[in-house]
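To start, the structure itself, in structure tokens.
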There are 2 protein chains.
Amino acid sequence: MRSAPAAVAEVTPERFNLFDPNCPGRAVMEHIVSRWGVLVLGVLLRGTHRFGEIRAAVGGVSEKMLAQTLQALERDGMVLREVRPVIPPHVDYSLTDLGRPFAETITTLYTMIERAAPDVQAAQQAYDERKAAR
Amino acid sequence: MRSAPAAVAEVTPERFNLFDPNCPGRAVMEHIVSRWGVLVLGVLLRGTHRFGEIRAAVGGVSEKMLAQTLQALERDGMVLREVRPVIPPHVDYSLTDLGRPFAETITTLYTMIERAAPDVQAAQQAYDERKAAR
DNA sequence: CAGAATCCCAAACGATACTG
DNA sequence: CAGTATCGTTTGGGATTCTG
């Protein structure tokens, strides 16, 4: 008699594959590299901040989107949210040990973009001229 | 008579600041870390590929979004597009020297997410339970 | 095969008002 | 102060069709 062979493997078709649309890691990736996620992580790398401070630091973000972004990052374990039970409310946000490396990598991207800016601008100009010429 | 003092400085209020909603670097950042941008860069890090190959590799992307993503990255100088004048058309995409470091950094993020996956899942579960308990 | 163009819907987003 | 709720608009993005 052969012992039950079915339902042993079968799970995780290709281990962990971000290129698979059903991979749960995709959502995490998207939270981190979302429009506001990258900026929030950058701010928090500079230290603990309150909601209003983050909102002021990240130009253009609405309250709604900031709250939403922070919640996603908190749920993923990237951000720690600490509420002080006072009136008026006081809530501090900071990076967790899990989140810090991500914030650092993202910040690397900031620097890379800044250094690449002249080349990017040249490339864009060349591209636009190439297009205009047809 | 004092020589014209106005309009001397004033430009580039804070040099290069991604946190400024008007900073042109923001657009570049968003192209790179867009939903499909991160995946396309990851694929191209593995080598030169044709349009259809990339489309097959990146699960869930539509033709339209792939074309759009590739165009943005090409315009920013991250991706090189080479057309071979044959019928049927043959177009190769590859990373430029400018784009490769970005693709490498993005790929670092893949790995980080993969390694963090268990912690993330635990954090999500804890978060959901905390929420459910009220 | 690579992509441009069109249509159209769902989701994302911002502004505003409200609450603990 | 730190959100939540609601609403109207914009945008993203998929499906389809067409062309070189």
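Following the order of the structure tokens, first chain is A, next is B, and so on, with residues numbered from 1 inside each chain and ligands from 1 in the order they appear.
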
Within 12 Å of chain A, which residues of chain C show up when using only C-alpha atoms (C1' of nucleotides), listed as number ranges by chain? C: 12-16, 20

Skipping near chain neighbours, those fewer than 6 positions away, what residues fall within 12 Å of C:DC18 using only C-alpha atoms (C1' of nucleotides), listed as a PDB file with N, CA and C atoms (P, O5', C5', C4', C3', O3' and C1' of nucleotides), in the first residue's frame?
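Writing done, so here's selection-v1.pdb:
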ATOM      1  P    DG D   3      -3.299  58.638  12.565  1.00  0.00           P
ATOM      2  O5'  DG D   3      -3.961  59.135  11.197  1.00  0.00           O
ATOM      3  C5'  DG D   3      -4.984  58.353  10.640  1.00  0.00           C
ATOM      4  C4'  DG D   3      -6.338  58.689  11.257  1.00  0.00           C
ATOM      5  C3'  DG D   3      -7.509  58.202  10.442  1.00  0.00           C
ATOM      6  O3'  DG D   3      -7.903  56.923  10.905  1.00  0.00           O
ATOM      7  C1'  DG D   3      -7.874  60.385  11.369  1.00  0.00           C
ATOM      8  P    DT D   4      -8.542  55.956   9.882  1.00  0.00           P
ATOM      9  O5'  DT D   4     -10.046  56.470   9.728  1.00  0.00           O
ATOM     10  C5'  DT D   4     -10.959  56.350  10.816  1.00  0.00           C
ATOM     11  C4'  DT D   4     -12.294  56.924  10.380  1.00  0.00           C
ATOM     12  C3'  DT D   4     -12.875  56.249   9.144  1.00  0.00           C
ATOM     13  O3'  DT D   4     -14.236  55.934   9.409  1.00  0.00           O
ATOM     14  C1'  DT D   4     -12.792  58.589   8.826  1.00  0.00           C
ATOM     15  P    DA D   5     -15.091  55.110   8.357  1.00  0.00           P
ATOM     16  O5'  DA D   5     -15.870  56.254   7.565  1.00  0.00           O
ATOM     17  C5'  DA D   5     -16.490  57.314   8.285  1.00  0.00           C
ATOM     18  C4'  DA D   5     -17.370  58.122   7.333  1.00  0.00           C
ATOM     19  C3'  DA D   5     -17.838  57.336   6.111  1.00  0.00           C
ATOM     20  O3'  DA D   5     -19.190  57.694   5.839  1.00  0.00           O
ATOM     21  C1'  DA D   5     -16.562  59.222   5.411  1.00  0.00           C
ATOM     22  P    DT D   6     -20.057  56.889   4.780  1.00  0.00           P
ATOM     23  O5'  DT D   6     -20.214  57.974   3.637  1.00  0.00           O
ATOM     24  C5'  DT D   6     -20.421  59.349   3.993  1.00  0.00           C
ATOM     25  C4'  DT D   6     -20.135  60.250   2.817  1.00  0.00           C
ATOM     26  C3'  DT D   6     -20.512  59.671   1.441  1.00  0.00           C
ATOM     27  O3'  DT D   6     -21.427  60.559   0.829  1.00  0.00           O
ATOM     28  C1'  DT D   6     -18.395  60.718   1.389  1.00  0.00           C
TER      29       DT D   6
END

Write down, as a PyMOL selection string, each residue of chain D that has any atom within 12 Å of an atom of chain B, counting only C-alpha atoms (C1' of nucleotides). chain D and resi 12-16+20

Mind dumping the selected residues with N, CA and C atoms (P, O5', C5', C4', C3', O3' and C1' of nucleotides) as a CSV table (one decimal), in the first residue's frame?
chain,number,residue,atom,x,y,z
D,12,DG,P,-2.2,57.8,-15.1
D,12,DG,O5',-2.8,56.3,-14.8
D,12,DG,C5',-3.0,56.0,-13.4
D,12,DG,C4',-3.5,54.5,-13.4
D,12,DG,C3',-2.7,53.5,-14.2
D,12,DG,O3',-2.6,52.3,-13.5
D,12,DG,C1',-4.9,53.6,-15.0
D,13,DG,P,-1.7,51.2,-13.8
D,13,DG,O5',-2.6,50.3,-14.8
D,13,DG,C5',-3.8,49.8,-14.3
D,13,DG,C4',-4.6,49.3,-15.5
D,13,DG,C3',-3.8,48.5,-16.6
D,13,DG,O3',-4.5,47.3,-16.8
D,13,DG,C1',-5.3,50.0,-17.5
D,14,DG,P,-3.7,46.0,-17.2
D,14,DG,O5',-4.9,45.2,-17.9
D,14,DG,C5',-6.1,45.0,-17.1
D,14,DG,C4',-7.3,44.8,-18.1
D,14,DG,C3',-7.0,43.9,-19.3
D,14,DG,O3',-8.1,43.0,-19.4
D,14,DG,C1',-7.7,46.0,-20.1
D,15,DA,P,-8.0,41.8,-20.5
D,15,DA,O5',-8.9,42.3,-21.7
D,15,DA,C5',-10.2,42.7,-21.4
D,15,DA,C4',-10.9,43.1,-22.7
D,15,DA,C3',-10.5,42.2,-23.9
D,15,DA,O3',-11.7,41.9,-24.6
D,15,DA,C1',-10.0,44.5,-24.4
D,16,DT,P,-11.7,40.9,-25.8
D,16,DT,O5',-11.6,41.9,-27.0
D,16,DT,C5',-12.5,43.0,-27.0
D,16,DT,C4',-12.1,43.9,-28.2
D,16,DT,C3',-11.7,43.2,-29.5
D,16,DT,O3',-12.7,43.5,-30.5
D,16,DT,C1',-10.3,45.0,-29.0
D,20,DG,P,-0.4,51.3,-43.0
D,20,DG,O5',1.2,51.1,-42.7
D,20,DG,C5',1.8,51.7,-41.5
D,20,DG,C4',3.1,50.9,-41.2
D,20,DG,C3',3.9,50.5,-42.5
D,20,DG,O3',5.3,50.7,-42.2
D,20,DG,C1',3.3,48.6,-41.2

List as CSV every residue of chain A that is in contact with chain B, defined as an atom at most 8 Å from one of its atoms (using only C-alpha atoms), together with the nearest atom pair and the distance in Å rounded to one decimal, sorted by chain and then rising number.
residue,atom,partner,partner_atom,distance
A:Phe16,CA,B:Glu114,CA,6.8
A:Leu18,CA,B:Tyr110,CA,7.4
A:Phe19,CA,B:Val58,CA,5.2
A:Asp20,CA,B:Gly59,CA,5.2
A:Pro21,CA,B:Gly59,CA,5.3
A:Gly25,CA,B:Ile113,CA,6.8
A:Val28,CA,B:Ile113,CA,7.5
A:Met29,CA,B:Ile113,CA,7.2
A:Glu30,CA,B:Arg35,CA,6.5
A:Val33,CA,B:Val33,CA,5.5
A:Ser34,CA,B:Ser34,CA,7.1
A:Arg35,CA,B:Glu30,CA,6.5
A:Leu39,CA,B:Phe19,CA,6.9
A:Ala57,CA,B:Phe19,CA,6.8
A:Val58,CA,B:Phe19,CA,5.2
A:Gly59,CA,B:Asp20,CA,5.2
A:Gly60,CA,B:Pro21,CA,5.7
A:Arg75,CA,B:Gln124,CA,5.0
A:Asp76,CA,B:Val120,CA,5.1
A:Gly77,CA,B:Ala123,CA,5.0
A:Leu98,CA,B:Ala116,CA,7.5
A:Phe102,CA,B:Leu109,CA,7.3
A:Thr105,CA,B:Thr105,CA,7.3
A:Leu109,CA,B:Phe102,CA,7.3
A:Tyr110,CA,B:Leu18,CA,7.4
A:Met112,CA,B:Phe102,CA,7.7
A:Ile113,CA,B:Gly25,CA,6.8
A:Glu114,CA,B:Phe16,CA,6.9
A:Ala116,CA,B:Leu98,CA,7.4
A:Ala117,CA,B:Gly25,CA,7.1
A:Asp119,CA,B:Gly77,CA,7.5
A:Val120,CA,B:Asp76,CA,5.1
A:Gln121,CA,B:Asp76,CA,7.2
A:Ala123,CA,B:Gly77,CA,5.0
A:Gln124,CA,B:Arg75,CA,5.0
A:Tyr127,CA,B:Arg75,CA,5.6
A:Asp128,CA,B:Arg75,CA,7.8

Go ahead and write the selection's residues with N, CA and C atoms as a CSV table (one decimal), in the first residue's frame.
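again12.csv written:
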chain,number,residue,atom,x,y,z
A,16,PHE,N,8.6,31.5,-4.9
A,16,PHE,CA,8.3,32.9,-4.7
A,16,PHE,C,8.7,33.6,-5.9
A,18,LEU,N,7.9,37.0,-8.1
A,18,LEU,CA,7.2,38.3,-8.3
A,18,LEU,C,6.6,38.4,-9.6
A,19,PHE,N,7.1,37.7,-10.6
A,19,PHE,CA,6.6,37.8,-12.0
A,19,PHE,C,5.3,37.1,-12.1
A,20,ASP,N,4.9,36.3,-11.2
A,20,ASP,CA,3.6,35.7,-11.2
A,20,ASP,C,2.6,36.6,-10.6
A,21,PRO,N,1.6,36.9,-11.4
A,21,PRO,CA,0.6,37.9,-10.9
A,21,PRO,C,-0.1,37.6,-9.6
A,25,GLY,N,3.8,38.5,-2.7
A,25,GLY,CA,4.9,39.5,-2.6
A,25,GLY,C,4.7,40.7,-3.5
A,28,VAL,N,3.2,43.6,-1.5
A,28,VAL,CA,4.1,44.2,-0.7
A,28,VAL,C,5.1,45.1,-1.4
A,29,MET,N,5.5,44.6,-2.6
A,29,MET,CA,6.4,45.4,-3.5
A,29,MET,C,5.6,46.7,-3.8
A,30,GLU,N,4.4,46.6,-4.2
A,30,GLU,CA,3.6,47.7,-4.6
A,30,GLU,C,3.4,48.7,-3.5
A,33,VAL,N,6.9,50.5,-3.2
A,33,VAL,CA,7.3,51.4,-4.3
A,33,VAL,C,6.1,52.1,-4.9
A,34,SER,N,5.1,52.3,-4.1
A,34,SER,CA,4.0,53.1,-4.6
A,34,SER,C,4.4,54.6,-4.6
A,35,ARG,N,3.7,55.3,-5.3
A,35,ARG,CA,4.0,56.8,-5.4
A,35,ARG,C,4.3,57.4,-4.1
A,39,LEU,N,8.2,57.8,-0.8
A,39,LEU,CA,8.5,59.1,-0.1
A,39,LEU,C,8.3,59.0,1.4
A,57,ALA,N,6.1,67.0,5.1
A,57,ALA,CA,7.4,66.7,4.5
A,57,ALA,C,7.2,66.2,3.0
A,58,VAL,N,6.1,65.4,2.9
A,58,VAL,CA,5.8,64.8,1.5
A,58,VAL,C,4.9,65.8,0.8
A,59,GLY,N,5.5,66.6,-0.1
A,59,GLY,CA,4.7,67.5,-0.8
A,59,GLY,C,3.7,66.9,-1.7
A,60,GLY,N,2.5,67.4,-1.6
A,60,GLY,CA,1.4,66.9,-2.5
A,60,GLY,C,0.6,65.8,-2.1
A,75,ARG,N,0.7,47.5,8.3
A,75,ARG,CA,0.3,46.1,8.2
A,75,ARG,C,1.3,45.1,7.7
A,76,ASP,N,2.2,45.6,6.8
A,76,ASP,CA,3.3,44.8,6.2
A,76,ASP,C,4.4,44.7,7.2
A,77,GLY,N,4.3,45.4,8.3
A,77,GLY,CA,5.4,45.3,9.3
A,77,GLY,C,6.6,46.2,9.0
A,98,LEU,N,12.4,45.6,10.4
A,98,LEU,CA,12.1,45.0,9.1
A,98,LEU,C,12.1,46.0,8.0
A,102,PHE,N,14.6,48.4,3.8
A,102,PHE,CA,13.8,48.8,2.6
A,102,PHE,C,13.9,50.3,2.4
A,105,THR,N,17.3,51.2,1.0
A,105,THR,CA,17.4,50.9,-0.4
A,105,THR,C,16.7,51.9,-1.3
A,109,LEU,N,17.9,54.8,-4.2
A,109,LEU,CA,17.3,55.2,-5.5
A,109,LEU,C,17.2,56.7,-5.6
A,110,TYR,N,16.8,57.4,-4.5
A,110,TYR,CA,16.8,58.9,-4.6
A,110,TYR,C,18.1,59.4,-5.1
A,112,MET,N,20.6,57.9,-6.6
A,112,MET,CA,20.9,57.5,-8.0
A,112,MET,C,20.2,58.3,-9.0
A,113,ILE,N,18.9,58.6,-8.7
A,113,ILE,CA,18.2,59.5,-9.6
A,113,ILE,C,18.8,60.9,-9.7
A,114,GLU,N,19.1,61.4,-8.5
A,114,GLU,CA,19.7,62.7,-8.5
A,114,GLU,C,21.0,62.8,-9.3
A,116,ALA,N,21.9,60.8,-11.7
A,116,ALA,CA,21.6,60.5,-13.1
A,116,ALA,C,20.8,61.6,-13.8
A,117,ALA,N,20.3,62.5,-13.0
A,117,ALA,CA,19.5,63.6,-13.6
A,117,ALA,C,19.9,64.2,-14.9
A,119,ASP,N,22.0,63.0,-17.2
A,119,ASP,CA,21.9,62.0,-18.2
A,119,ASP,C,20.5,61.8,-18.6
A,120,VAL,N,19.6,61.7,-17.7
A,120,VAL,CA,18.2,61.5,-17.9
A,120,VAL,C,17.6,62.6,-18.8
A,121,GLN,N,18.0,63.8,-18.4
A,121,GLN,CA,17.5,64.9,-19.1
A,121,GLN,C,17.9,64.9,-20.6
A,123,ALA,N,18.8,62.3,-22.3
A,123,ALA,CA,18.2,61.2,-23.0
A,123,ALA,C,16.8,61.6,-23.4
A,124,GLN,N,16.1,62.3,-22.5
A,124,GLN,CA,14.7,62.7,-22.8
A,124,GLN,C,14.7,63.7,-24.0
A,127,TYR,N,15.4,61.9,-27.1
A,127,TYR,CA,14.2,61.1,-27.5
A,127,TYR,C,13.2,62.0,-28.1
A,128,ASP,N,12.9,63.1,-27.5
A,128,ASP,CA,11.9,64.0,-28.0
A,128,ASP,C,12.2,64.6,-29.4

Write out as a PyMOL selection string the set of residues from stretch 4-134 of chain A that DSSP, computed on the backbone, places in strand (DSSP E). chain A and resi 49-50+79-84+90-95

Could you turn the residues from that selection into a file that holds N, CA, C and O atoms, as a CSV table (one decimal), in the first residue's frame?
chain,number,residue,atom,x,y,z
A,49,HIS,N,8.4,60.4,13.2
A,49,HIS,CA,7.6,61.6,12.9
A,49,HIS,C,6.2,61.4,13.2
A,49,HIS,O,5.6,60.3,13.1
A,50,ARG,N,5.5,62.5,13.4
A,50,ARG,CA,4.1,62.5,13.6
A,50,ARG,C,3.4,62.6,12.2
A,50,ARG,O,4.0,63.0,11.2
A,79,VAL,N,6.4,49.7,9.2
A,79,VAL,CA,6.3,50.9,10.0
A,79,VAL,C,5.6,50.6,11.3
A,79,VAL,O,4.6,49.8,11.4
A,80,LEU,N,6.1,51.2,12.3
A,80,LEU,CA,5.5,51.1,13.7
A,80,LEU,C,4.7,52.3,14.0
A,80,LEU,O,5.1,53.5,13.8
A,81,ARG,N,3.5,52.1,14.5
A,81,ARG,CA,2.6,53.2,14.8
A,81,ARG,C,2.3,53.2,16.3
A,81,ARG,O,1.9,52.2,16.8
A,82,GLU,N,2.7,54.3,16.9
A,82,GLU,CA,2.5,54.4,18.4
A,82,GLU,C,1.6,55.5,18.7
A,82,GLU,O,1.9,56.7,18.4
A,83,VAL,N,0.5,55.2,19.5
A,83,VAL,CA,-0.5,56.2,19.8
A,83,VAL,C,-0.3,56.6,21.3
A,83,VAL,O,-0.2,55.7,22.2
A,84,ARG,N,-0.2,57.9,21.5
A,84,ARG,CA,-0.1,58.3,22.9
A,84,ARG,C,-1.5,58.8,23.3
A,84,ARG,O,-2.1,59.7,22.6
A,90,HIS,N,-1.9,62.1,19.7
A,90,HIS,CA,-0.5,62.2,19.3
A,90,HIS,C,0.0,60.9,18.8
A,90,HIS,O,-0.1,59.9,19.6
A,91,VAL,N,0.3,60.8,17.6
A,91,VAL,CA,0.7,59.5,17.0
A,91,VAL,C,2.0,59.6,16.3
A,91,VAL,O,2.3,60.5,15.5
A,92,ASP,N,2.9,58.6,16.7
A,92,ASP,CA,4.2,58.6,16.2
A,92,ASP,C,4.4,57.5,15.2
A,92,ASP,O,4.0,56.4,15.5
A,93,TYR,N,5.1,57.8,14.1
A,93,TYR,CA,5.4,56.7,13.1
A,93,TYR,C,6.9,56.6,13.0
A,93,TYR,O,7.6,57.6,13.0
A,94,SER,N,7.4,55.3,12.9
A,94,SER,CA,8.8,55.1,12.8
A,94,SER,C,9.0,53.8,12.0
A,94,SER,O,8.1,53.0,11.8
A,95,LEU,N,10.2,53.6,11.5
A,95,LEU,CA,10.5,52.4,10.8
A,95,LEU,C,10.7,51.2,11.8
A,95,LEU,O,11.3,51.4,12.9

Can you pull out the residues contacting D:DT17? Cut-off 12 Å, using only C-alpha atoms (C1' of nucleotides), and skip same-chain residues under 3 positions away; I want them as a short mmCIF file (atom, residue, chain, number, x, y, z; two decimals) with all heavy atoms, in the first residue's frame.
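File written: part_26.cif
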data_model
loop_
_atom_site.label_atom_id
_atom_site.label_comp_id
_atom_site.auth_asym_id
_atom_site.auth_seq_id
_atom_site.Cartn_x
_atom_site.Cartn_y
_atom_site.Cartn_z
P DA C 4 3.92 52.78 -30.54
OP1 DA C 4 5.08 52.83 -31.44
OP2 DA C 4 3.95 53.36 -29.22
"O5'" DA C 4 2.67 53.42 -31.34
"C5'" DA C 4 2.54 53.21 -32.74
"C4'" DA C 4 1.12 53.56 -33.19
"O4'" DA C 4 0.30 52.37 -33.18
"C3'" DA C 4 0.41 54.60 -32.33
"O3'" DA C 4 -0.31 55.47 -33.21
"C2'" DA C 4 -0.53 53.75 -31.46
"C1'" DA C 4 -0.83 52.57 -32.37
N9 DA C 4 -1.04 51.31 -31.65
C8 DA C 4 -0.22 50.78 -30.69
N7 DA C 4 -0.65 49.62 -30.22
C5 DA C 4 -1.82 49.38 -30.92
C6 DA C 4 -2.75 48.31 -30.88
N6 DA C 4 -2.62 47.26 -30.09
N1 DA C 4 -3.82 48.39 -31.70
C2 DA C 4 -3.93 49.45 -32.52
N3 DA C 4 -3.12 50.51 -32.63
C4 DA C 4 -2.08 50.41 -31.80
P DA C 5 -1.15 56.70 -32.64
OP1 DA C 5 -1.05 57.79 -33.63
OP2 DA C 5 -0.72 56.93 -31.23
"O5'" DA C 5 -2.63 56.16 -32.63
"C5'" DA C 5 -3.13 55.43 -33.75
"C4'" DA C 5 -4.59 55.08 -33.53
"O4'" DA C 5 -4.70 53.78 -32.89
"C3'" DA C 5 -5.34 56.08 -32.63
"O3'" DA C 5 -6.60 56.34 -33.20
"C2'" DA C 5 -5.45 55.34 -31.29
"C1'" DA C 5 -5.50 53.87 -31.73
N9 DA C 5 -4.95 52.94 -30.76
C8 DA C 5 -3.81 53.07 -30.03
N7 DA C 5 -3.55 52.06 -29.23
C5 DA C 5 -4.61 51.20 -29.44
C6 DA C 5 -4.93 49.95 -28.90
N6 DA C 5 -4.18 49.32 -27.99
N1 DA C 5 -6.07 49.35 -29.33
C2 DA C 5 -6.82 49.98 -30.24
N3 DA C 5 -6.62 51.16 -30.83
C4 DA C 5 -5.48 51.72 -30.38
P DT C 6 -7.52 57.52 -32.59
OP1 DT C 6 -8.10 58.27 -33.72
OP2 DT C 6 -6.74 58.24 -31.54
"O5'" DT C 6 -8.68 56.69 -31.88
"C5'" DT C 6 -9.34 55.67 -32.62
"C4'" DT C 6 -10.16 54.80 -31.70
"O4'" DT C 6 -9.30 53.91 -30.96
"C3'" DT C 6 -10.98 55.56 -30.65
"O3'" DT C 6 -12.37 55.41 -30.94
"C2'" DT C 6 -10.61 54.90 -29.33
"C1'" DT C 6 -9.97 53.59 -29.76
N1 DT C 6 -8.96 53.06 -28.82
C2 DT C 6 -9.16 51.80 -28.30
O2 DT C 6 -10.12 51.09 -28.57
N3 DT C 6 -8.18 51.38 -27.43
C4 DT C 6 -7.05 52.09 -27.04
O4 DT C 6 -6.25 51.60 -26.25
C5 DT C 6 -6.92 53.39 -27.63
C7 DT C 6 -5.73 54.23 -27.28
C6 DT C 6 -7.86 53.81 -28.48
P DC C 7 -13.47 56.18 -30.04
OP1 DC C 7 -14.63 56.43 -30.91
OP2 DC C 7 -12.83 57.29 -29.31
"O5'" DC C 7 -13.88 55.04 -29.01
"C5'" DC C 7 -14.22 53.74 -29.48
"C4'" DC C 7 -14.45 52.83 -28.30
"O4'" DC C 7 -13.17 52.47 -27.70
"C3'" DC C 7 -15.29 53.45 -27.19
"O3'" DC C 7 -16.40 52.61 -26.89
"C2'" DC C 7 -14.33 53.59 -26.00
"C1'" DC C 7 -13.29 52.52 -26.30
N1 DC C 7 -11.94 52.81 -25.74
C2 DC C 7 -11.27 51.82 -24.99
O2 DC C 7 -11.82 50.72 -24.84
N3 DC C 7 -10.06 52.10 -24.47
C4 DC C 7 -9.51 53.30 -24.67
N4 DC C 7 -8.32 53.52 -24.14
C5 DC C 7 -10.17 54.31 -25.43
C6 DC C 7 -11.38 54.04 -25.94
#
